[in-house]
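Chemist: Below you'll find start37.pdb; it's PDB, C-alpha atoms and all ligand atoms.
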ATOM      1  CA  MET A   1      30.994 -19.609 -67.557
ATOM      2  CA  ASP A   2      27.372 -20.662 -68.210
ATOM      3  CA  SER A   3      24.520 -18.625 -66.709
ATOM      4  CA  GLY A   4      23.701 -21.485 -64.292
ATOM      5  CA  ALA A   5      27.186 -21.377 -62.797
ATOM      6  CA  ALA A   6      27.097 -17.595 -62.516
ATOM      7  CA  GLN A   7      23.704 -17.688 -60.772
ATOM      8  CA  ALA A   8      24.829 -20.445 -58.343
ATOM      9  CA  ILE A   9      27.982 -18.508 -57.462
ATOM     10  CA  TYR A  10      25.952 -15.314 -56.957
ATOM     11  CA  PHE A  11      23.532 -17.184 -54.684
ATOM     12  CA  TYR A  12      26.133 -19.031 -52.593
ATOM     13  CA  THR A  13      28.409 -16.011 -52.209
ATOM     14  CA  ARG A  14      25.473 -14.296 -50.440
ATOM     15  CA  HIS A  15      24.096 -17.383 -48.671
ATOM     16  CA  PRO A  16      22.993 -16.881 -45.041
ATOM     17  CA  ILE A  17      25.341 -19.678 -43.873
ATOM     18  CA  SER A  18      29.056 -18.930 -44.390
ATOM     19  CA  SER A  19      32.358 -19.864 -42.742
ATOM     20  CA  ALA A  20      32.600 -16.320 -41.289
ATOM     21  CA  ILE A  21      29.160 -16.672 -39.661
ATOM     22  CA  ILE A  22      29.981 -20.158 -38.335
ATOM     23  CA  LEU A  23      33.270 -18.958 -36.866
ATOM     24  CA  SER A  24      31.703 -15.908 -35.245
ATOM     25  CA  LYS A  25      29.027 -18.107 -33.640
ATOM     26  CA  LEU A  26      31.666 -20.502 -32.297
ATOM     27  CA  ARG A  27      33.799 -17.629 -31.028
ATOM     28  CA  ALA A  28      30.790 -16.121 -29.257
ATOM     29  CA  ALA A  29      29.851 -19.468 -27.686
ATOM     30  CA  ARG A  30      33.319 -20.620 -26.525
ATOM     31  CA  GLY A  31      35.332 -17.381 -26.328
ATOM     32  CA  HIS A  32      38.099 -18.555 -28.713
ATOM     33  CA  LEU A  33      38.712 -20.959 -31.585
ATOM     34  CA  ASP A  34      41.497 -23.047 -30.049
ATOM     35  CA  GLY A  35      41.018 -26.793 -30.223
ATOM     36  CA  VAL A  36      37.687 -26.742 -32.091
ATOM     37  CA  THR A  37      36.619 -30.320 -32.884
ATOM     38  CA  PRO A  38      34.722 -31.551 -35.968
ATOM     39  CA  ASP A  39      31.752 -32.362 -33.724
ATOM     40  CA  GLU A  40      31.504 -28.712 -32.674
ATOM     41  CA  LEU A  41      31.209 -27.656 -36.325
ATOM     42  CA  PHE A  42      28.539 -30.183 -37.322
ATOM     43  CA  PRO A  43      25.539 -28.264 -35.923
ATOM     44  CA  HIS A  44      26.533 -25.373 -38.242
ATOM     45  CA  ASP A  45      28.237 -26.624 -41.410
ATOM     46  CA  GLN A  46      25.712 -28.992 -43.028
ATOM     47  CA  ASP A  47      23.873 -27.270 -45.875
ATOM     48  CA  HIS A  48      21.315 -29.935 -46.765
ATOM     49  CA  TYR A  49      18.076 -31.278 -45.345
ATOM     50  CA  GLY A  50      18.216 -33.768 -42.485
ATOM     51  CA  GLY A  51      21.634 -32.974 -40.985
ATOM     52  CA  LEU A  52      23.968 -35.774 -39.952
ATOM     53  CA  ALA A  53      21.303 -38.481 -40.299
ATOM     54  CA  ALA A  54      21.115 -37.654 -44.020
ATOM     55  CA  ASN A  55      24.898 -38.153 -44.265
ATOM     56  CA  ASP A  56      24.577 -41.517 -42.492
ATOM     57  CA  ALA A  57      21.868 -42.586 -44.953
ATOM     58  CA  LEU A  58      24.132 -41.733 -47.906
ATOM     59  CA  ALA A  59      27.127 -43.429 -46.268
ATOM     60  CA  LYS A  60      25.087 -46.604 -45.813
ATOM     61  CA  ALA A  61      23.719 -46.476 -49.361
ATOM     62  CA  ALA A  62      27.173 -45.867 -50.872
ATOM     63  CA  HIS A  63      28.945 -48.477 -48.659
ATOM     64  CA  ILE A  64      31.296 -45.858 -47.199
ATOM     65  CA  ALA A  65      33.713 -47.308 -44.635
ATOM     66  CA  THR A  66      37.221 -46.745 -43.276
ATOM     67  CA  GLY A  67      39.559 -45.844 -46.113
ATOM     68  CA  SER A  68      36.802 -45.357 -48.707
ATOM     69  CA  ARG A  69      37.795 -42.829 -51.359
ATOM     70  CA  VAL A  70      34.777 -40.565 -51.666
ATOM     71  CA  ALA A  71      33.982 -37.654 -53.987
ATOM     72  CA  ASP A  72      31.403 -35.149 -52.711
ATOM     73  CA  PHE A  73      29.793 -33.372 -55.672
ATOM     74  CA  CYS A  74      28.974 -29.731 -54.797
ATOM     75  CA  ALA A  75      30.635 -29.979 -51.391
ATOM     76  CA  GLY A  76      29.759 -26.485 -50.132
ATOM     77  CA  LEU A  77      31.627 -25.606 -46.944
ATOM     78  CA  GLY A  78      32.749 -29.232 -46.678
ATOM     79  CA  GLY A  79      30.480 -30.188 -43.768
ATOM     80  CA  PRO A  80      29.417 -33.613 -45.097
ATOM     81  CA  ALA A  81      32.986 -34.268 -46.323
ATOM     82  CA  ARG A  82      34.398 -33.634 -42.839
ATOM     83  CA  TYR A  83      31.666 -35.780 -41.286
ATOM     84  CA  LEU A  84      32.384 -38.741 -43.593
ATOM     85  CA  ALA A  85      36.108 -38.441 -42.812
ATOM     86  CA  HIS A  86      35.644 -38.030 -39.054
ATOM     87  CA  ARG A  87      32.830 -40.524 -38.447
ATOM     88  CA  TYR A  88      33.671 -43.187 -41.077
ATOM     89  CA  GLY A  89      37.420 -42.709 -41.669
ATOM     90  CA  ALA A  90      36.857 -41.942 -45.364
ATOM     91  CA  ASP A  91      39.211 -39.910 -47.553
ATOM     92  CA  VAL A  92      37.008 -37.258 -49.147
ATOM     93  CA  THR A  93      37.524 -34.963 -52.129
ATOM     94  CA  GLY A  94      34.854 -32.322 -52.598
ATOM     95  CA  ILE A  95      34.162 -30.588 -55.899
ATOM     96  CA  GLU A  96      32.760 -27.098 -55.415
ATOM     97  CA  LEU A  97      31.972 -24.292 -57.837
ATOM     98  CA  THR A  98      31.780 -21.197 -55.607
ATOM     99  CA  PRO A  99      35.240 -19.824 -54.722
ATOM    100  CA  ALA A 100      34.040 -18.425 -51.363
ATOM    101  CA  ARG A 101      32.741 -21.904 -50.432
ATOM    102  CA  VAL A 102      36.061 -23.517 -51.415
ATOM    103  CA  ALA A 103      37.992 -21.025 -49.258
ATOM    104  CA  GLY A 104      35.526 -21.464 -46.373
ATOM    105  CA  ALA A 105      35.793 -25.249 -46.594
ATOM    106  CA  ALA A 106      39.599 -25.077 -46.421
ATOM    107  CA  GLU A 107      39.465 -22.744 -43.411
ATOM    108  CA  LEU A 108      36.998 -24.922 -41.461
ATOM    109  CA  THR A 109      38.799 -28.166 -42.375
ATOM    110  CA  ARG A 110      42.153 -26.732 -41.238
ATOM    111  CA  LEU A 111      40.564 -25.488 -38.023
ATOM    112  CA  VAL A 112      39.501 -29.003 -36.987
ATOM    113  CA  GLY A 113      42.685 -30.741 -38.205
ATOM    114  CA  LEU A 114      41.182 -32.825 -41.013
ATOM    115  CA  SER A 115      43.178 -31.426 -43.945
ATOM    116  CA  ASP A 116      45.011 -34.738 -44.425
ATOM    117  CA  ARG A 117      41.734 -36.546 -45.241
ATOM    118  CA  VAL A 118      39.475 -33.820 -46.644
ATOM    119  CA  ARG A 119      40.080 -31.405 -49.510
ATOM    120  CA  VAL A 120      37.576 -29.353 -51.481
ATOM    121  CA  LEU A 121      38.685 -28.571 -55.030
ATOM    122  CA  GLU A 122      37.314 -25.657 -56.993
ATOM    123  CA  GLY A 123      35.547 -27.129 -60.007
ATOM    124  CA  ASN A 124      32.330 -27.887 -61.825
ATOM    125  CA  VAL A 125      30.713 -31.320 -61.487
ATOM    126  CA  MET A 126      30.000 -31.263 -65.232
ATOM    127  CA  GLY A 127      33.786 -31.617 -65.749
ATOM    128  CA  VAL A 128      35.351 -33.106 -62.638
ATOM    129  CA  PRO A 129      39.107 -32.605 -62.128
ATOM    130  CA  LEU A 130      39.685 -36.226 -61.012
ATOM    131  CA  PRO A 131      41.024 -39.266 -62.911
ATOM    132  CA  ASP A 132      38.965 -42.213 -64.158
ATOM    133  CA  GLY A 133      38.057 -45.049 -61.800
ATOM    134  CA  GLY A 134      39.733 -43.758 -58.627
ATOM    135  CA  MET A 135      36.717 -43.391 -56.316
ATOM    136  CA  ASP A 136      34.803 -45.949 -54.257
ATOM    137  CA  ALA A 137      31.821 -43.663 -53.797
ATOM    138  CA  VAL A 138      30.320 -40.407 -55.022
ATOM    139  CA  VAL A 139      27.799 -38.523 -52.890
ATOM    140  CA  SER A 140      25.858 -35.294 -53.341
ATOM    141  CA  GLN A 141      23.131 -33.507 -51.392
ATOM    142  CA  GLU A 142      20.570 -30.956 -52.621
ATOM    143  CA  ALA A 143      22.987 -29.569 -55.196
ATOM    144  CA  LEU A 144      22.384 -31.094 -58.617
ATOM    145  CA  LEU A 145      19.302 -28.838 -58.656
ATOM    146  CA  HIS A 146      21.755 -26.069 -59.629
ATOM    147  CA  VAL A 147      23.445 -28.020 -62.418
ATOM    148  CA  PRO A 148      22.159 -27.330 -65.944
ATOM    149  CA  ASP A 149      23.194 -30.666 -67.469
ATOM    150  CA  LYS A 150      22.544 -33.336 -64.850
ATOM    151  CA  GLY A 151      23.291 -36.111 -67.343
ATOM    152  CA  ARG A 152      26.829 -34.792 -67.698
ATOM    153  CA  ALA A 153      27.315 -34.661 -63.920
ATOM    154  CA  LEU A 154      26.054 -38.255 -63.587
ATOM    155  CA  ALA A 155      28.378 -39.335 -66.414
ATOM    156  CA  GLU A 156      31.268 -37.713 -64.542
ATOM    157  CA  ALA A 157      30.307 -39.639 -61.382
ATOM    158  CA  PHE A 158      30.294 -42.857 -63.422
ATOM    159  CA  ARG A 159      33.686 -42.040 -64.974
ATOM    160  CA  ILE A 160      35.499 -41.424 -61.659
ATOM    161  CA  LEU A 161      33.995 -44.453 -59.860
ATOM    162  CA  ARG A 162      35.769 -47.815 -59.825
ATOM    163  CA  PRO A 163      33.731 -50.805 -61.040
ATOM    164  CA  GLY A 164      31.399 -51.720 -58.169
ATOM    165  CA  GLY A 165      31.585 -48.171 -56.791
ATOM    166  CA  ARG A 166      28.392 -46.434 -55.742
ATOM    167  CA  LEU A 167      26.705 -43.098 -56.289
ATOM    168  CA  ALA A 168      24.245 -41.936 -53.627
ATOM    169  CA  PHE A 169      22.632 -38.524 -53.838
ATOM    170  CA  THR A 170      19.569 -36.549 -52.842
ATOM    171  CA  ASP A 171      17.858 -33.892 -54.926
ATOM    172  CA  TRP A 172      14.625 -32.053 -55.631
ATOM    173  CA  THR A 173      12.265 -34.055 -57.840
ATOM    174  CA  PRO A 174       9.129 -32.274 -59.131
ATOM    175  CA  GLU A 175       6.191 -34.562 -59.884
ATOM    176  CA  ALA A 176       5.419 -32.551 -63.021
ATOM    177  CA  PRO A 177       7.105 -29.472 -64.546
ATOM    178  CA  LEU A 178       6.642 -26.440 -62.278
ATOM    179  CA  SER A 179       4.630 -23.444 -63.473
ATOM    180  CA  ALA A 180       6.692 -20.837 -65.330
ATOM    181  CA  ALA A 181       6.213 -18.412 -62.417
ATOM    182  CA  ASP A 182       7.477 -20.933 -59.830
ATOM    183  CA  ALA A 183      10.387 -22.028 -62.018
ATOM    184  CA  ASP A 184      11.386 -18.384 -62.480
ATOM    185  CA  LEU A 185      11.111 -17.612 -58.764
ATOM    186  CA  LEU A 186      13.229 -20.639 -57.779
ATOM    187  CA  TRP A 187      15.800 -19.724 -60.427
ATOM    188  CA  ARG A 188      16.088 -16.081 -59.313
ATOM    189  CA  GLY A 189      16.020 -16.825 -55.591
ATOM    190  CA  MET A 190      17.791 -20.185 -55.285
ATOM    191  CA  ALA A 191      19.573 -20.762 -58.624
ATOM    192  CA  ALA A 192      17.476 -23.899 -59.240
ATOM    193  CA  GLN A 193      17.161 -25.089 -62.821
ATOM    194  CA  SER A 194      16.537 -28.077 -65.110
ATOM    195  CA  LEU A 195      14.766 -29.949 -62.301
ATOM    196  CA  GLN A 196      14.127 -33.625 -63.034
ATOM    197  CA  SER A 197      11.347 -35.944 -61.916
ATOM    198  CA  VAL A 198      12.196 -39.318 -60.350
ATOM    199  CA  THR A 199      11.380 -41.010 -63.651
ATOM    200  CA  ASN A 200      13.665 -38.701 -65.623
ATOM    201  CA  TYR A 201      16.472 -39.089 -63.095
ATOM    202  CA  CYS A 202      16.231 -42.885 -63.376
ATOM    203  CA  ALA A 203      16.525 -42.590 -67.157
ATOM    204  CA  LEU A 204      19.547 -40.266 -66.826
ATOM    205  CA  LEU A 205      21.228 -42.700 -64.406
ATOM    206  CA  LYS A 206      20.715 -45.601 -66.807
ATOM    207  CA  ASP A 207      21.982 -43.509 -69.737
ATOM    208  CA  ALA A 208      25.134 -42.758 -67.750
ATOM    209  CA  GLY A 209      25.668 -46.538 -67.339
ATOM    210  CA  PHE A 210      24.474 -47.025 -63.760
ATOM    211  CA  ARG A 211      22.434 -49.885 -62.308
ATOM    212  CA  ILE A 212      19.796 -48.349 -60.032
ATOM    213  CA  VAL A 213      19.885 -49.904 -56.547
ATOM    214  CA  ALA A 214      17.212 -47.862 -54.751
ATOM    215  CA  VAL A 215      15.079 -44.737 -54.962
ATOM    216  CA  ASP A 216      13.711 -43.461 -51.649
ATOM    217  CA  ASP A 217      10.988 -40.817 -51.496
ATOM    218  CA  LEU A 218      11.980 -38.153 -48.954
ATOM    219  CA  THR A 219       9.125 -35.718 -49.623
ATOM    220  CA  PRO A 220       7.155 -36.199 -46.355
ATOM    221  CA  GLU A 221      10.224 -35.848 -44.116
ATOM    222  CA  TRP A 222      11.471 -32.843 -46.100
ATOM    223  CA  GLY A 223       8.144 -31.071 -45.527
ATOM    224  CA  VAL A 224       8.816 -31.099 -41.771
ATOM    225  CA  ILE A 225      12.552 -30.339 -42.008
ATOM    226  CA  LEU A 226      12.044 -27.442 -44.411
ATOM    227  CA  ALA A 227       9.551 -25.698 -42.146
ATOM    228  CA  GLU A 228      12.277 -25.726 -39.452
ATOM    229  CA  ARG A 229      14.912 -24.457 -41.912
ATOM    230  CA  LEU A 230      12.631 -21.628 -42.978
ATOM    231  CA  ALA A 231      12.264 -20.603 -39.323
ATOM    232  CA  MET A 232      16.081 -20.735 -38.962
ATOM    233  CA  TYR A 233      16.616 -18.532 -42.055
ATOM    234  CA  ARG A 234      14.056 -16.027 -40.733
ATOM    235  CA  LYS A 235      15.960 -15.886 -37.440
ATOM    236  CA  LEU A 236      19.324 -15.426 -39.224
ATOM    237  CA  ARG A 237      17.792 -12.639 -41.302
ATOM    238  CA  GLU A 238      16.439 -10.892 -38.213
ATOM    239  CA  GLU A 239      19.816 -11.269 -36.443
ATOM    240  CA  ALA A 240      21.614  -9.796 -39.471
ATOM    241  CA  GLU A 241      19.188  -6.882 -39.640
ATOM    242  CA  ARG A 242      19.601  -6.203 -35.903
ATOM    243  CA  ALA A 243      23.396  -6.355 -36.239
ATOM    244  CA  GLY A 244      23.277  -3.976 -39.206
ATOM    245  CA  THR A 245      24.955  -6.547 -41.490
ATOM    246  CA  PRO A 246      23.577  -7.377 -44.965
ATOM    247  CA  PRO A 247      20.586  -9.718 -44.495
ATOM    248  CA  GLY A 248      21.558 -11.832 -47.513
ATOM    249  CA  HIS A 249      20.006 -12.274 -50.892
ATOM    250  CA  GLY A 250      16.454 -10.783 -50.832
ATOM    251  CA  ALA A 251      14.957 -13.021 -53.538
ATOM    252  CA  PHE A 252      16.177 -16.045 -51.579
ATOM    253  CA  HIS A 253      13.653 -15.526 -48.791
ATOM    254  CA  GLU A 254      10.733 -15.050 -51.149
ATOM    255  CA  SER A 255      11.618 -18.161 -53.125
ATOM    256  CA  TYR A 256      12.340 -20.240 -50.012
ATOM    257  CA  VAL A 257       8.833 -19.573 -48.685
ATOM    258  CA  ARG A 258       7.361 -20.764 -52.005
ATOM    259  CA  PHE A 259       9.758 -23.721 -52.157
ATOM    260  CA  VAL A 260       8.648 -24.961 -48.729
ATOM    261  CA  ALA A 261       4.979 -24.612 -49.742
ATOM    262  CA  LEU A 262       5.616 -26.593 -52.944
ATOM    263  CA  VAL A 263       7.247 -29.428 -50.990
ATOM    264  CA  GLN A 264       4.518 -29.447 -48.368
ATOM    265  CA  SER A 265       1.862 -29.665 -51.094
ATOM    266  CA  GLY A 266       3.775 -32.501 -52.792
ATOM    267  CA  GLU A 267       4.189 -30.601 -56.095
ATOM    268  CA  LEU A 268       7.912 -30.601 -55.511
ATOM    269  CA  GLY A 269       9.324 -33.805 -54.065
ATOM    270  CA  GLY A 270      12.684 -34.978 -52.833
ATOM    271  CA  ALA A 271      14.383 -38.316 -53.310
ATOM    272  CA  ARG A 272      17.538 -40.269 -52.507
ATOM    273  CA  PHE A 273      19.004 -42.225 -55.415
ATOM    274  CA  THR A 274      21.464 -45.087 -54.987
ATOM    275  CA  ALA A 275      23.160 -46.475 -58.084
ATOM    276  CA  GLU A 276      26.109 -48.747 -58.839
ATOM    277  CA  LYS A 277      28.736 -48.873 -61.537
ATOM    278  CA  SER A 278      28.378 -52.606 -62.142
TER     279      SER A 278
HETATM  280  C1  LIG A 301      22.998 -26.791 -51.012
HETATM  281  S1  LIG A 301      24.719 -26.558 -51.153
HETATM  282  C2  LIG A 301      25.187 -28.150 -50.583
HETATM  283  C3  LIG A 301      26.526 -28.174 -49.916
HETATM  284  C4  LIG A 301      26.889 -29.500 -49.278
HETATM  285  N1  LIG A 301      26.541 -30.621 -50.143
HETATM  286  C5  LIG A 301      26.231 -29.693 -47.930
HETATM  287  O1  LIG A 301      25.346 -30.560 -47.835
HETATM  288  O2  LIG A 301      26.594 -29.021 -46.973
HETATM  289  C6  LIG A 301      25.000 -26.673 -52.917
HETATM  290  C7  LIG A 301      26.430 -26.361 -53.349
HETATM  291  O3  LIG A 301      26.557 -26.703 -54.736
HETATM  292  C8  LIG A 301      27.511 -25.824 -55.328
HETATM  293  N2  LIG A 301      27.369 -25.941 -56.792
HETATM  294  C9  LIG A 301      26.347 -25.473 -57.557
HETATM  295  N3  LIG A 301      26.544 -25.798 -58.850
HETATM  296  C10 LIG A 301      27.706 -26.507 -58.907
HETATM  297  C11 LIG A 301      28.435 -27.126 -59.954
HETATM  298  N4  LIG A 301      27.997 -27.081 -61.219
HETATM  299  N5  LIG A 301      29.595 -27.773 -59.659
HETATM  300  C12 LIG A 301      30.046 -27.807 -58.376
HETATM  301  N6  LIG A 301      29.397 -27.232 -57.326
HETATM  302  C13 LIG A 301      28.239 -26.591 -57.577
HETATM  303  C14 LIG A 301      27.146 -24.495 -54.726
HETATM  304  O4  LIG A 301      28.185 -23.549 -54.869
HETATM  305  C15 LIG A 301      26.845 -24.888 -53.273
HETATM  306  O5  LIG A 301      27.966 -24.741 -52.458
END
Have the structure of the file written as structure tokens, please.
Ligand SMILES: C[S@@+](CC[C@H](N)C(=O)[O-])C[C@H]1O[C@@H](n2cnc3c(N)ncnc32)[C@H](O)[C@@H]1O

Modeler:
Amino acid sequence: MDSGAAQAIYFYTRHPISSAIILSKLRAARGHLDGVTPDELFPHDQDHYGGLAANDALAKAAHIATGSRVADFCAGLGGPARYLAHRYGADVTGIELTPARVAGAAELTRLVGLSDRVRVLEGNVMGVPLPDGGMDAVVSQEALLHVPDKGRALAEAFRILRPGGRLAFTDWTPEAPLSAADADLLWRGMAAQSLQSVTNYCALLKDAGFRIVAVDDLTPEWGVILAERLAMYRKLREEAERAGTPPGHGAFHESYVRFVALVQSGELGGARFTAEKS
């Protein structure tokens, strides 16, 4: 396993959002877990910026509709995968590196009765366990930032798409290389590495064979969203400390504070890329 994979697994195994935390919140709110619907999970199971609206933007960009075969790269707990299946009638296969995330995704998907249309496979997006040309769309949200060789992941997306299929993803996009201190902090605290500017990403997409359809700058809206997420993580940390449970990965909080400041200053941007296998 490469050091990037090991760091991502370390980070996500200790992440402040987990299936156990989601289930305990639901149990506390409704008294039991009988008959939980996908809609009840959605406020808790989306680990990206912008919640369900961000999923809708990707679905629109990638032309996802009833029956679309979709791969979700770095699917996490399967929140976006379940949303695309439930809201759009898509059949979604997630690829996820962290074993605890894969198990959590299966548990949550089973709970809401979507296992026939959503599955999250344990795997690395640099070598996807899916055949050539079988997907109508590939999506990914705030996850390629963990992947050491983004060109390989984009080439895998191209390989598994059918001709005419679309890739739509969002990711961090620094304007210029970060300082060594910031890069180190974001690596230690959030397993971020090999970050690419918009220009570099466009070159990688073209190298993989894609035609670029659109690039949307998300930096201003992320600045607002991330301030809210930081407040949420602080609250989760305080709740964990009060409950006497481990408050998560210490370096995460330090790096998240710096990450939010970098986005708000515009040094670190965010973008949505839409590309087609023509
Ligand atoms: C920010 S979470 C996003 C989860 C999901 N996309 C969502 O929006 O809820 C990033 C996920 O990427 C996974 N990941 C990191 N590197 C990966 C890789 N090389 N291959 C597959 N998954 C990876 C992590 O384990 C983590 O669950």

Chemist: Let me see if you get this right: every residue at most 6 Å from ligand LIG 301 (chain A), counting all atoms listed in the file, written as number ranges by chain.

Modeler: A: 5, 8-9, 12, 46-48, 74-76, 79-80, 95-98, 101, 123-125, 140-143, 146-147

Chemist: Nearest to Phe11 (chain A) among A:Phe252, A:Phe169, A:Phe273, A:Trp222, with distances taken over only C-alpha atoms: which residue is it?

Modeler: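 Among the listed residues, the smallest separation from Phe11 (chain A) belongs to A:Phe252.
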
Chemist: Determine the residue set returned by the PyMOL selection byres (((chain A and resi 126-137) around 7) and not hetatm) for the present structure, and present it as a PyMOL selection string.

Modeler: chain A and resi 62+64+68-71+123-125+138-139+152-153+156+159-162+165-167

Chemist: Between A:Gly250, A:Pro43, A:Gly67, A:Pro163, which residue has the minimum interatomic distance to Gly189 (chain A), considering only C-alpha atoms?

Modeler: A:Gly250

Chemist: So how many Å separate CA of Leu77 (chain A) and CA of Leu154 (chain A), to one decimal?

Modeler: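 These two atoms are separated by 21.6 Å.
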
Chemist: Within 6 Å of Val112 (chain A), counting all atoms listed in the file, which residues show up once you throw out same-chain ones fewer than 5 positions away? Write them as a list of chain:residue names, please.

Modeler: A:Val36, A:Thr37, A:Pro38

Chemist: If you count only C-alpha atoms, which residues fall within 10 Å of Tyr233 (chain A), apart from same-chain ones fewer than 4 positions away, as a list in words?

Modeler: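 Final neighbour list, sorted by chain and number: Pro16, Ile17, Glu228, Arg229, Arg237, Glu238, Glu239, Pro247, Gly248, Phe252, His253 and Tyr256 of chain A.
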
Chemist: Kindly export the residues of the current selection with C-alpha atoms, as a JSON list (two decimals), in the coordinates of the input.

Modeler:
[["chain", "number", "residue", "atom", "x", "y", "z"],
["A", 16, "PRO", "CA", 22.99, -16.88, -45.04],
["A", 17, "ILE", "CA", 25.34, -19.68, -43.87],
["A", 228, "GLU", "CA", 12.28, -25.73, -39.45],
["A", 229, "ARG", "CA", 14.91, -24.46, -41.91],
["A", 237, "ARG", "CA", 17.79, -12.64, -41.30],
["A", 238, "GLU", "CA", 16.44, -10.89, -38.21],
["A", 239, "GLU", "CA", 19.82, -11.27, -36.44],
["A", 247, "PRO", "CA", 20.59, -9.72, -44.50],
["A", 248, "GLY", "CA", 21.56, -11.83, -47.51],
["A", 252, "PHE", "CA", 16.18, -16.05, -51.58],
["A", 253, "HIS", "CA", 13.65, -15.53, -48.79],
["A", 256, "TYR", "CA", 12.34, -20.24, -50.01]]

Chemist: Could you pull the residues within 10 Å of Ala176 (chain A), counting all atoms listed in the file, minus those fewer than 3 positions along the same chain, as a PyMOL selection string?

Modeler: chain A and resi 173+179+195-198+267-269

Chemist: Tell me which protein, DNA and RNA residues are within 12 Å of Ala183 (chain A), counting only C-alpha atoms, leaving out same-chain ones fewer than 2 positions away, and put them as a ChimeraX atom specification.

Modeler: /A:145,174,176-181,185-195,255,258-259,262,268

Chemist: Place a sphere of radius 6 Å on (16.4, -34.2, -56.7) in the file coordinates and name every protein, DNA or RNA residue with an atom inside or on its surface, counting only C-alpha atoms; give the answer as a PyMOL selection string.

Modeler: chain A and resi 170-173+270-271

Chemist: Convert the current residue selection to file output with C-alpha atoms, as a short mmCIF file (atom, residue, chain, number, x, y, z; two decimals), in the frame of the given file.

Modeler:
data_model
loop_
_atom_site.label_atom_id
_atom_site.label_comp_id
_atom_site.auth_asym_id
_atom_site.auth_seq_id
_atom_site.Cartn_x
_atom_site.Cartn_y
_atom_site.Cartn_z
CA THR A 170 19.57 -36.55 -52.84
CA ASP A 171 17.86 -33.89 -54.93
CA TRP A 172 14.62 -32.05 -55.63
CA THR A 173 12.26 -34.06 -57.84
CA GLY A 270 12.68 -34.98 -52.83
CA ALA A 271 14.38 -38.32 -53.31
#
